[in-house]
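So the structure is just underneath, and the comments pick up after that.
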Amino acid sequence: MTTRLSERATRVKPSMTLAMNARAKKLKLSGGDIISLSVGEPDFDTPEHIKTAAIKAIQEGKTKYTATDGIPKLKKAIQTKFANENNLQYELDQIIVSCGAKHSLYNAMQALLNPGDEVLIPAPYWVSYPDMALLADAKPVIINTSHQHQYKITPEQLESHITDKTRLFILNSPSNPSGMAYSKEELAAFGEVLLKHPDIIILSDDIYEHILWTHNEFSNLANACPELTDRVVVINGVSKAYAMTGWRIGYTAGHADIIKAMKTIQSQSTSNPCSIAQYAAAAALAEPQQCVQDMVKEFKSRHDFVVESLNDIDGIQCHPSNGTFYVFPDVTGAVENTKGVDDDLALAEHILAKTGVATVPGSAFGASNSLRISFAAAVDKLDDAMKRLKTIL
């Protein structure tokens, strides 16, 4: 039988990060000595007080359907988090809880985009942004950056890519994959450009907000340019900062009309997120944050080790990150120095085949001759991985 698929399904590609991680797991199951530095998942366990909240929810029978947009307890915790940590004030009807920040981003694009709309995406970008835009019948417009400029766009670049079809501007800071974060002053300069274009909505992907060690405090465009607040849709979640990747809780705050549309879409797709995970997320946001600080301290230590190790390898240049648990080194020299390797995809394959270390080629993120390396792995594994890389490069 010939199966006819939708055009929508055929215009997108699978996630390269998930594909590389799946391949690494398959090789490991086959007996390979594999170290996966490909996936963005903390190796820490979910903190005990969060797991306890989930167990309590189960014991109290909180296992039924909830409101589509989330339980009041979690929405109030999110409201308080925004007020206390970000100086942003939202009513409860301006907040929606979804099945992870990825789901939040997808719902937002489905709610905001029409065929022919353009979505501005700085590169390197998280792999799913362009494909989410395509699934909403919109056109991704990539703003290229370079290793030399620390993978950051300028206000002039932003202005030059805006057309009368531009509908969304996506900004992820700190960035997956580069680890770079924009300062409040840099964001304010973007705000001056965006104020001249009132039809553009900003998706601020703040999922790595707390994994930050730059001397600048975290800011998003709503903080840097309050006049844009009604046009900024803030996406966040508990996966990264609280080591809760599998719990699948993300949340969005923004203009009530946008949130209402997202709620309608969610009601016809997933309905509510997992009830038990919602109670766990409420505990994560509302209770003491020392667990986050402890994990960030460890991430910073690993970051310093990996950056120093990579810069000691011929053909690799690696900027220190401002946050996240990724580095994004330029591997132009390594590509040129390695026989039979012509680009970053081939280099990633070569490294996996020869050393068992799984990375993700930068091309998957829209930036060639780079690799994304996650240091969300135990120190002994990182030490072993860096030694293996140095041996073959």
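Chains: A, B, ... in order of the structure tokens. Residues: from 1 per chain. Ligands: from 1, in order shown.
Near Glu60 of chain A, within 12 Å and counting only C-alpha atoms, sit Ala53, Ala54, Ser275, Ile276 and Tyr279 of chain A, not including residues fewer than 6 positions from it in the same chain.
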Per residue of segment 5-102 of chain A within 12 Å of segment 204-224 of chain A, record the nearest atom pair and its distance in Å to one decimal, counting only C-alpha atoms, with rows in chain order and ascending residue number, as a tab-separated table.
residue	atom	partner	partner_atom	distance
A:Gly40	CA	A:Tyr208	CA	10.9
A:Glu41	CA	A:Tyr208	CA	11.9
A:Pro42	CA	A:Ile211	CA	11.2
A:Phe82	CA	A:Asn223	CA	11.0
A:Ala83	CA	A:Asn223	CA	11.6
A:Glu85	CA	A:Phe218	CA	9.4
A:Asn86	CA	A:Asn223	CA	7.3
A:Asn87	CA	A:Asn223	CA	7.6
A:Leu88	CA	A:Asn223	CA	7.7
A:Gln89	CA	A:Ala222	CA	10.7
A:Gly100	CA	A:Ile207	CA	10.0
A:Ala101	CA	A:Ile207	CA	7.3
A:Lys102	CA	A:Asp205	CA	9.7
Quick one: contact table of segment 12-55 of chain A to segment 373-390 of chain A, 10 Å max, nearest atom pair and distance in Å to one decimal per residue, counting only C-alpha atoms, chain and number order, as a Markdown table?
| residue | atom | partner | partner_atom | distance |
| --- | --- | --- | --- | --- |
| A:Ile34 | CA | A:Ala385 | CA | 9.3 |
| A:Ile35 | CA | A:Ala385 | CA | 6.7 |
| A:Ser36 | CA | A:Ala377 | CA | 8.3 |
| A:Leu37 | CA | A:Ser374 | CA | 4.8 |
| A:Ser38 | CA | A:Ser374 | CA | 5.9 |
| A:Val39 | CA | A:Ser374 | CA | 6.5 |
| A:Gly40 | CA | A:Ser374 | CA | 6.3 |
| A:Glu41 | CA | A:Ala376 | CA | 6.2 |
| A:Pro42 | CA | A:Ala376 | CA | 4.9 |
| A:Asp43 | CA | A:Ala377 | CA | 5.5 |
| A:Phe44 | CA | A:Ala376 | CA | 8.5 |
Grab the residues selected above and save them as a PDB file, in the first residue's frame with C-alpha atoms.
ATOM      1  CA  ILE A  34      29.992   5.320  24.383  1.00  0.00           C
ATOM      2  CA  ILE A  35      30.032   8.700  26.094  1.00  0.00           C
ATOM      3  CA  SER A  36      27.086  10.809  24.984  1.00  0.00           C
ATOM      4  CA  LEU A  37      27.636  14.557  25.069  1.00  0.00           C
ATOM      5  CA  SER A  38      24.775  15.087  22.646  1.00  0.00           C
ATOM      6  CA  VAL A  39      21.663  15.618  24.721  1.00  0.00           C
ATOM      7  CA  GLY A  40      20.649  18.586  26.883  1.00  0.00           C
ATOM      8  CA  GLU A  41      19.703  16.704  30.009  1.00  0.00           C
ATOM      9  CA  PRO A  42      21.172  17.249  33.491  1.00  0.00           C
ATOM     10  CA  ASP A  43      22.696  14.109  34.963  1.00  0.00           C
ATOM     11  CA  PHE A  44      21.450  15.122  38.416  1.00  0.00           C
TER      12      PHE A  44
END
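Counting only C-alpha atoms and comparing A:Gln293, A:Asn107, A:Thr46, A:Asn21, the residue that lies closest to Ile235 of chain A is A:Asn107.
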Just list as a ChimeraX atom specification whatever in segment 41-154 of chain A DSSP marks as alpha helix (DSSP H). /A:48-59,72-86,101-112,128-135
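The space between atom CA of Leu27 of chain A and atom CA of Gly356 of chain A spans 8.7 Å.
When only C-alpha atoms are used to compute distances to Asn322 of chain A, the closest of the residues A:Ser368, A:Asn272, A:Asn176, A:Ser309 turns out to be A:Asn176.
With only C-alpha atoms as the atoms that count, the residue of A:His161, A:Lys300, A:Lys56, A:Lys184 with the shortest distance to Ala280 of chain A is A:Lys56.
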